[in-house]
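S.K.: Dropping in upload.cif, which is mmCIF, C-alpha atoms and all ligand atoms:
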data_entry
loop_
_atom_site.label_atom_id
_atom_site.label_comp_id
_atom_site.auth_asym_id
_atom_site.auth_seq_id
_atom_site.Cartn_x
_atom_site.Cartn_y
_atom_site.Cartn_z
CA MET A 248 12.21 71.05 120.67
CA LEU A 249 14.07 67.71 120.63
CA PRO A 250 17.10 67.50 122.92
CA ARG A 251 20.23 67.05 120.83
CA CYS A 252 21.03 63.67 122.40
CA LEU A 253 17.97 62.27 120.59
CA THR A 254 19.52 62.79 117.18
CA SER A 255 21.91 59.84 117.50
CA PRO A 256 19.54 56.80 117.71
CA PRO A 257 18.26 55.21 114.46
CA ARG A 258 15.54 56.85 112.41
CA ASP A 259 12.68 54.62 113.57
CA MET A 260 13.34 55.55 117.22
CA VAL A 261 13.63 59.26 116.40
CA SER A 262 10.40 59.08 114.36
CA ARG A 263 8.55 57.47 117.24
CA ALA A 264 9.89 60.06 119.68
CA ILE A 265 8.70 62.90 117.41
CA TYR A 266 5.34 61.29 116.75
CA ARG A 267 4.77 60.68 120.47
CA GLU A 268 5.30 64.39 121.17
CA ILE A 269 2.83 65.37 118.46
CA ARG A 270 0.26 62.73 119.42
CA GLU A 271 0.32 63.76 123.06
CA GLY A 272 -0.29 67.39 122.17
CA ARG A 273 3.26 68.66 122.64
CA GLY A 274 3.81 69.63 119.01
CA ILE A 275 4.89 73.24 118.53
CA GLY A 276 1.89 75.41 119.37
CA GLY A 277 -0.19 72.19 119.64
CA LYS A 278 0.33 71.58 115.92
CA ASN A 279 1.53 68.42 114.14
CA TYR A 280 5.26 69.15 114.07
CA VAL A 281 8.26 69.65 116.36
CA HIS A 282 11.35 71.78 115.81
CA LEU A 283 14.73 70.54 114.61
CA ASP A 284 17.51 72.84 115.76
CA MET A 285 20.49 72.84 113.36
CA THR A 286 21.78 76.30 114.28
CA HIS A 287 24.73 74.89 116.28
CA LEU A 288 26.12 73.20 113.13
CA GLY A 289 27.17 76.48 111.53
CA LYS A 290 27.35 77.61 107.90
CA ASP A 291 30.32 75.46 106.83
CA VAL A 292 28.79 72.17 107.94
CA LEU A 293 25.31 72.98 106.59
CA ASP A 294 26.68 74.13 103.22
CA LYS A 295 29.08 71.23 102.80
CA LYS A 296 27.21 68.31 104.35
CA LEU A 297 23.52 69.18 104.08
CA PRO A 298 23.18 71.44 101.01
CA ASP A 299 20.03 69.76 99.59
CA ILE A 300 17.97 69.65 102.73
CA THR A 301 18.87 73.20 103.78
CA GLU A 302 17.92 74.46 100.32
CA PHE A 303 14.57 72.64 100.48
CA VAL A 304 13.92 74.25 103.85
CA ARG A 305 14.70 77.73 102.52
CA THR A 306 12.75 77.30 99.28
CA TYR A 307 9.65 75.46 100.46
CA MET A 308 9.28 76.65 104.04
CA GLY A 309 10.88 80.06 103.98
CA VAL A 310 12.93 79.07 107.05
CA GLU A 311 16.63 79.92 107.47
CA PRO A 312 18.16 76.82 109.14
CA LEU A 313 21.31 78.74 110.12
CA THR A 314 19.31 80.88 112.52
CA GLN A 315 15.84 79.34 112.86
CA PRO A 316 14.48 75.97 114.04
CA VAL A 317 13.01 73.79 111.27
CA PRO A 318 9.48 72.33 111.60
CA ILE A 319 9.58 68.54 111.12
CA GLN A 320 7.33 65.47 111.43
CA PRO A 321 7.81 61.77 110.51
CA THR A 322 7.02 60.67 106.97
CA ALA A 323 7.55 57.62 104.76
CA HIS A 324 11.24 57.29 104.07
CA TYR A 325 11.78 53.84 102.63
CA ALA A 326 9.80 50.68 101.92
CA MET A 327 11.38 47.76 103.75
CA GLY A 328 10.04 44.78 101.83
CA GLY A 329 8.80 44.88 98.26
CA ILE A 330 8.80 42.48 95.32
CA PRO A 331 10.79 39.46 96.56
CA THR A 332 13.85 38.61 94.45
CA ASP A 333 16.89 36.38 94.66
CA VAL A 334 20.42 37.83 94.56
CA ASP A 335 20.25 37.96 90.73
CA GLY A 336 17.18 40.20 90.74
CA ARG A 337 14.87 37.38 89.65
CA VAL A 338 11.40 37.77 91.13
CA VAL A 339 10.54 34.78 93.32
CA ILE A 340 6.98 33.69 93.81
CA ASP A 341 6.86 31.43 96.86
CA GLU A 342 8.42 30.25 100.13
CA LYS A 343 10.80 27.99 98.16
CA ASN A 344 12.21 30.97 96.23
CA THR A 345 10.94 29.67 92.88
CA PRO A 346 11.88 32.28 90.24
CA MET A 347 9.34 33.63 87.76
CA PRO A 348 11.27 33.22 84.48
CA GLY A 349 12.08 36.53 82.79
CA LEU A 350 10.71 38.82 85.52
CA TYR A 351 13.24 41.01 87.37
CA ALA A 352 13.02 43.73 90.02
CA ALA A 353 15.69 45.98 91.50
CA GLY A 354 15.92 49.08 93.66
CA GLU A 355 13.54 50.14 96.39
CA ALA A 356 10.69 48.30 94.66
CA ALA A 357 12.55 45.02 95.21
CA CYS A 358 13.25 43.02 98.34
CA VAL A 359 16.47 41.02 98.15
CA SER A 360 16.17 40.76 101.94
CA VAL A 361 19.42 42.47 102.83
CA HIS A 362 17.82 45.15 105.02
CA GLY A 363 15.75 43.06 107.44
CA ALA A 364 13.09 45.08 109.25
CA ASN A 365 15.16 48.25 109.47
CA ARG A 366 17.42 49.42 106.65
CA LEU A 367 20.64 51.07 107.79
CA GLY A 368 21.33 54.60 106.52
CA THR A 369 22.96 54.76 103.00
CA ASN A 370 22.34 51.05 102.34
CA SER A 371 19.59 51.69 99.81
CA LEU A 372 22.05 53.01 97.26
CA VAL A 373 24.44 50.10 97.95
CA ASP A 374 21.57 47.65 97.42
CA ILE A 375 20.50 49.39 94.21
CA LEU A 376 24.00 49.43 92.74
CA VAL A 377 24.92 45.86 93.67
CA PHE A 378 21.65 44.09 92.89
CA GLY A 379 20.67 46.38 90.01
CA ARG A 380 23.94 45.40 88.31
CA ARG A 381 23.53 41.71 89.11
CA GLY A 382 19.89 41.78 87.91
CA GLY A 383 20.80 43.61 84.70
CA ARG A 384 23.57 41.16 83.88
CA HIS A 385 21.35 38.17 84.58
CA ALA A 386 18.51 39.61 82.48
CA ALA A 387 20.89 40.24 79.54
CA LYS A 388 22.05 36.61 79.69
CA PHE A 389 18.49 35.33 80.06
CA ILE A 390 17.39 37.17 76.91
CA GLN A 391 20.19 35.58 74.89
CA GLU A 392 19.34 32.09 76.06
CA ASN A 393 15.54 32.20 75.87
CA ASP A 394 12.87 32.80 73.29
CA TRP A 395 9.79 35.01 73.69
CA ALA A 396 7.24 33.54 76.07
CA PRO A 397 3.87 32.75 74.43
CA LEU A 398 1.28 35.43 75.21
CA PRO A 399 -2.36 34.79 76.06
CA ALA A 400 -4.96 36.08 73.60
CA LYS A 401 -5.46 39.87 73.90
CA PRO A 402 -3.00 40.38 76.80
CA GLU A 403 -3.66 44.14 76.80
CA GLU A 404 -7.38 43.68 77.42
CA PRO A 405 -7.41 44.01 81.28
CA ALA A 406 -5.40 47.29 81.10
CA ARG A 407 -7.64 48.61 78.31
CA ALA A 408 -10.77 47.74 80.30
CA MET A 409 -9.42 49.46 83.43
CA VAL A 410 -8.56 52.67 81.55
CA SER A 411 -11.91 52.67 79.78
CA GLN A 412 -13.75 52.19 83.08
CA VAL A 413 -12.02 55.23 84.63
CA LEU A 414 -12.52 57.43 81.57
CA ASN A 415 -16.20 56.52 81.24
CA SER A 416 -16.99 56.55 84.95
CA THR A 417 -20.14 58.36 85.99
CA GLY A 418 -18.94 58.41 89.63
CA LYS A 419 -18.40 61.59 91.61
CA GLU A 420 -15.23 60.83 93.59
CA ARG A 421 -11.93 62.64 93.00
CA ALA A 422 -8.70 60.65 93.28
CA ALA A 423 -6.98 63.50 95.17
CA ASP A 424 -9.64 63.47 97.93
CA ILE A 425 -9.41 59.70 98.41
CA ARG A 426 -5.60 59.84 98.39
CA ASP A 427 -5.51 62.60 101.05
CA ASN A 428 -7.86 60.60 103.22
CA LEU A 429 -5.79 57.44 102.70
CA GLN A 430 -2.59 59.26 103.69
CA ASP A 431 -4.10 60.80 106.85
CA GLU A 432 -5.62 57.53 108.01
CA MET A 433 -2.50 55.44 107.29
CA MET A 434 -0.37 58.00 109.13
CA ASP A 435 -2.70 57.85 112.10
CA LYS A 436 -3.27 54.08 112.29
CA ALA A 437 -0.47 52.23 110.50
CA SER A 438 2.72 54.28 110.58
CA VAL A 439 5.42 54.57 113.24
CA PHE A 440 3.09 53.24 115.98
CA ARG A 441 0.71 50.36 115.39
CA ASP A 442 -1.69 48.28 117.46
CA ALA A 443 -4.52 45.83 116.83
CA ALA A 444 -7.27 48.42 117.42
CA GLY A 445 -5.80 50.97 114.99
CA LEU A 446 -4.93 48.40 112.33
CA THR A 447 -8.36 46.77 112.53
CA ALA A 448 -9.99 50.20 112.20
CA MET A 449 -7.73 50.88 109.21
CA ARG A 450 -8.77 47.60 107.58
CA GLU A 451 -12.37 48.79 107.79
CA LYS A 452 -11.42 52.26 106.55
CA LEU A 453 -9.70 50.69 103.55
CA ARG A 454 -12.90 48.85 102.63
CA LYS A 455 -14.73 52.18 102.59
CA LEU A 456 -11.98 53.91 100.63
CA ARG A 457 -12.09 51.12 98.07
CA ASP A 458 -15.85 51.57 97.73
CA ARG A 459 -15.22 55.26 97.07
CA TYR A 460 -12.45 54.34 94.60
CA ARG A 461 -15.02 52.36 92.58
CA GLN A 462 -16.82 55.68 92.07
CA VAL A 463 -13.70 57.58 91.04
CA LYS A 464 -13.74 59.65 87.89
CA ALA A 465 -11.14 61.57 85.87
CA GLU A 466 -12.17 65.07 84.73
CA ASP A 467 -9.63 64.76 81.95
CA ARG A 468 -10.96 62.18 79.49
CA GLY A 469 -8.09 62.55 77.04
CA LEU A 470 -5.94 59.68 75.85
CA ARG A 471 -2.65 61.59 75.61
CA TYR A 472 -0.49 62.74 78.56
CA ASN A 473 -3.41 62.24 80.88
CA THR A 474 -1.69 62.68 84.27
CA GLU A 475 -5.02 62.57 86.09
CA LEU A 476 -5.65 59.09 84.70
CA LEU A 477 -2.18 58.10 85.92
CA GLU A 478 -3.05 59.40 89.40
CA VAL A 479 -6.23 57.34 89.45
CA ILE A 480 -4.34 54.19 88.49
CA GLU A 481 -1.59 54.92 91.04
CA LEU A 482 -4.22 55.38 93.73
CA GLY A 483 -5.51 51.86 93.01
CA CYS A 484 -1.96 50.54 93.55
CA MET A 485 -1.67 52.56 96.79
CA LEU A 486 -4.88 50.97 98.08
CA ASP A 487 -3.52 47.50 97.22
CA LEU A 488 -0.27 48.27 99.04
CA ALA A 489 -2.09 49.72 102.03
CA ASP A 490 -4.08 46.46 102.26
CA VAL A 491 -0.86 44.43 102.21
CA LEU A 492 0.76 46.66 104.83
CA VAL A 493 -2.21 46.58 107.19
CA GLU A 494 -2.81 42.82 106.92
CA SER A 495 0.92 42.03 107.36
CA ALA A 496 1.28 44.43 110.30
CA LEU A 497 -1.84 43.06 111.98
CA ALA A 498 -0.61 39.49 111.67
CA ARG A 499 2.90 40.23 112.99
CA GLN A 500 2.32 40.26 116.73
CA GLU A 501 5.71 41.58 117.76
CA SER A 502 7.87 44.68 117.28
CA ARG A 503 10.88 44.52 114.96
CA GLY A 504 12.83 47.40 113.41
CA GLY A 505 10.48 49.91 111.82
CA HIS A 506 7.42 47.78 112.72
CA SER A 507 6.48 48.93 116.21
CA ARG A 508 3.38 47.36 117.82
CA GLU A 509 2.40 49.12 121.03
CA ASP A 510 0.43 46.01 122.08
CA PHE A 511 3.41 43.70 121.35
CA PRO A 512 6.46 45.86 122.17
CA LYS A 513 9.05 43.03 122.24
CA ARG A 514 10.78 41.26 119.38
CA ASP A 515 9.71 37.62 119.26
CA ASP A 516 12.24 35.49 117.37
CA ALA A 517 10.62 32.24 118.50
CA ASN A 518 7.45 33.00 116.50
CA TRP A 519 8.32 35.78 114.10
CA LEU A 520 11.82 35.32 112.75
CA LYS A 521 10.31 34.89 109.28
CA HIS A 522 9.43 36.87 106.16
CA THR A 523 5.84 37.75 105.31
CA LEU A 524 4.68 36.97 101.77
CA ALA A 525 1.43 38.59 100.62
CA TYR A 526 -0.75 37.27 97.78
CA GLN A 527 -3.78 38.84 96.19
CA SER A 528 -6.75 36.46 96.28
CA PRO A 529 -10.49 36.81 95.63
CA LYS A 530 -10.94 36.91 99.43
CA GLY A 531 -8.41 39.73 99.83
CA VAL A 532 -4.79 39.62 100.96
CA GLU A 533 -3.53 36.13 101.79
CA LEU A 534 -0.37 35.79 103.88
CA LYS A 535 2.28 33.10 103.82
CA PHE A 536 5.61 33.01 105.62
CA LYS A 537 9.15 32.17 104.59
CA PRO A 538 11.95 31.23 106.99
CA VAL A 539 14.88 33.60 107.44
CA VAL A 540 18.15 31.94 106.47
CA ILE A 541 20.82 32.90 108.96
CA THR A 542 24.40 32.46 107.85
CA LYS A 543 27.30 34.34 109.44
CA PHE A 544 25.67 36.83 111.78
CA GLN A 545 23.29 35.73 114.52
CA PRO A 546 20.40 38.15 115.20
CA MET A 547 20.88 40.07 118.44
CA GLU A 548 18.79 42.43 120.53
CA ARG A 549 19.22 46.09 119.60
CA LYS A 550 20.62 48.00 122.57
CA TYR A 551 21.41 51.69 123.13
C1 LIG A 601 14.27 61.93 102.06
C2 LIG A 601 15.00 60.67 101.68
C3 LIG A 601 16.35 60.56 101.96
C4 LIG A 601 17.04 59.40 101.61
N1 LIG A 601 18.37 59.32 101.89
C5 LIG A 601 19.05 58.22 101.55
C6 LIG A 601 20.46 58.11 101.80
O1 LIG A 601 21.06 59.01 102.36
N2 LIG A 601 21.09 56.98 101.43
C7 LIG A 601 20.44 55.94 100.83
O2 LIG A 601 21.07 54.94 100.51
N3 LIG A 601 19.11 56.01 100.56
C8 LIG A 601 18.41 57.11 100.91
N4 LIG A 601 17.06 57.18 100.65
C9 LIG A 601 16.41 56.08 99.95
C10 LIG A 601 16.80 56.13 98.48
O3 LIG A 601 16.83 57.46 98.03
C11 LIG A 601 15.77 55.35 97.65
O4 LIG A 601 15.60 54.05 98.20
C12 LIG A 601 16.26 55.22 96.20
O5 LIG A 601 16.43 56.49 95.61
C13 LIG A 601 15.27 54.39 95.38
O6 LIG A 601 15.76 54.34 94.04
P1 LIG A 601 14.98 53.55 92.92
O7 LIG A 601 15.73 53.80 91.66
O8 LIG A 601 14.75 52.15 93.32
O9 LIG A 601 13.55 54.23 92.91
P2 LIG A 601 13.18 55.74 92.57
O10 LIG A 601 14.34 56.66 92.81
O11 LIG A 601 11.89 55.98 93.29
O12 LIG A 601 12.96 55.67 91.00
C14 LIG A 601 11.80 55.12 90.44
C15 LIG A 601 11.55 55.90 89.15
O13 LIG A 601 10.47 55.27 88.44
C16 LIG A 601 9.63 56.29 87.93
N5 LIG A 601 8.29 55.70 87.73
C17 LIG A 601 7.37 55.38 88.65
N6 LIG A 601 6.28 54.87 88.07
C18 LIG A 601 6.53 54.84 86.75
C19 LIG A 601 5.78 54.39 85.61
N7 LIG A 601 4.56 53.87 85.73
N8 LIG A 601 6.37 54.51 84.41
C20 LIG A 601 7.62 55.01 84.26
N9 LIG A 601 8.36 55.46 85.30
C21 LIG A 601 7.82 55.35 86.53
C22 LIG A 601 9.65 57.37 88.98
O14 LIG A 601 9.26 58.61 88.45
C23 LIG A 601 11.13 57.35 89.38
O15 LIG A 601 11.91 58.18 88.59
C24 LIG A 601 16.36 58.34 100.98
C25 LIG A 601 14.99 58.45 100.70
C26 LIG A 601 14.32 59.61 101.05
C27 LIG A 601 12.85 59.71 100.73
#
So that I can check it, write out the structure of this file as structure tokens.

M.R.:
Amino acid sequence: MLPRCLTSPPRDMVSRAIYREIREGRGIGGKNYVHLDMTHLGKDVLDKKLPDITEFVRTYMGVEPLTQPVPIQPTAHYAMGGIPTDVDGRVVIDEKNTPMPGLYAAGEAACVSVHGANRLGTNSLVDILVFGRRGGRHAAKFIQENDWAPLPAKPEEPARAMVSQVLNSTGKERAADIRDNLQDEMMDKASVFRDAAGLTAMREKLRKLRDRYRQVKAEDRGLRYNTELLEVIELGCMLDLADVLVESALARQESRGGHSREDFPKRDDANWLKHTLAYQSPKGVELKFKPVVITKFQPMERKY
């Protein structure tokens, strides 16, 4: 069980502490979880301040958090990074922040760059409200001032071809199996702890998973409400994102916020105070870097 004093540091530190216990065989009963003890909080606090999470625990785990410890393990909580935008939600496409006219992103999918390498608790909703509003207002103005952009011939053709390929596949792979494997491997090699050996092994693993993905088939061949088809397409996006994550994490030879390299445990502002930009190219993921603009607050070492 975690000592209570460990509940005050930020989430990335707590996640690493939990994961270390599990990895070194000290999970409860040797399994892949530890216990969170909330019994000291009492009914009033749990009911008033943590009603959702306590209900999840009761419903999905059959555990009573008032009297029993809750099994927990680290999981993905938030994507720091995402589609780069300016403060008006316009998607930018390069190191010079050139906007792509008419394309906007907001919310967790976007990266306005307000969170750095470690978002503070509750700031996602602030980001979404502030920049979602700014993006929406800018988009509304843009529509009034601009005409439709000319479309290439048959713009729907790539999407049609992709759907048709999945529906007519003679492969034997199931999306759910590949996704499970992807999740396990990413958790093991590219999550709260990272190093060159694990990330390089993951890069290789991703090549193999992509080969399997080329053989993926959907049992459901229907064209209406085909959720299996959606899962296959989503899995392709997950593989793309996993590639970006692994290549970016491998390149960044330092530790910063949620990115913790065991082989480079220190933050290195001299070389790495910069954003990573990832581009898809025929050779795979290509990385470029963009300087961080520092205005009022100088970056400082995190100390506890
Ligand atoms: C356990 C947990 C606790 C959190 N606690 C906090 C907190 O306390 N404070 C805080 O600020 N943040 C918190 N966060 C983060 C925050 O909840 C998220 O960053 C935020 O909800 C993201 O909102 P969003 O609208 O950008 O994306 P989402 O809420 O993910 O919404 C995206 C929507 O798009 C839909 N969608 C996806 N694909 C398609 C498609 N192809 N077509 C149509 N629709 C599609 C999805 O179904 C979904 O409804 C927490 C996150 C987690 C996981």

S.K.: Please check which protein, DNA or RNA residues sit within 9 Å of ligand LIG 601 (chain A), counting only C-alpha atoms and all ligand atoms, and write them as JSON, numbers by chain.

M.R.: {"A": [300, 322, 323, 324, 325, 326, 353, 354, 355, 356, 357, 367, 368, 369, 370, 371, 372, 373, 374, 375, 379, 477, 481]}

S.K.: One number please: atom CA of Asn279 of chain A to atom CA of Leu429 of chain A, in Å, one decimal.

M.R.: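 It comes out at 17.5 Å.
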
S.K.: Please, which residues are within 12 Å of (-7.6, 59.7, 83.4) by the file's coordinates, counting all atoms listed in the file, and could they come as a PyMOL selection string?

M.R.: chain A and resi 409-416+421-422+463-482

S.K.: I need the residue nearest Asn428 of chain A from this list: A:Asn365, A:Lys452, A:Gly289, A:Leu283. Use only C-alpha atoms for the distance.

M.R.: A:Lys452

S.K.: Given all atoms listed in the file as the basis, pick out the residue of A:Arg549, A:Arg454, A:Lys530, A:His506 nearest to Ser262 of chain A.

M.R.: A:His506
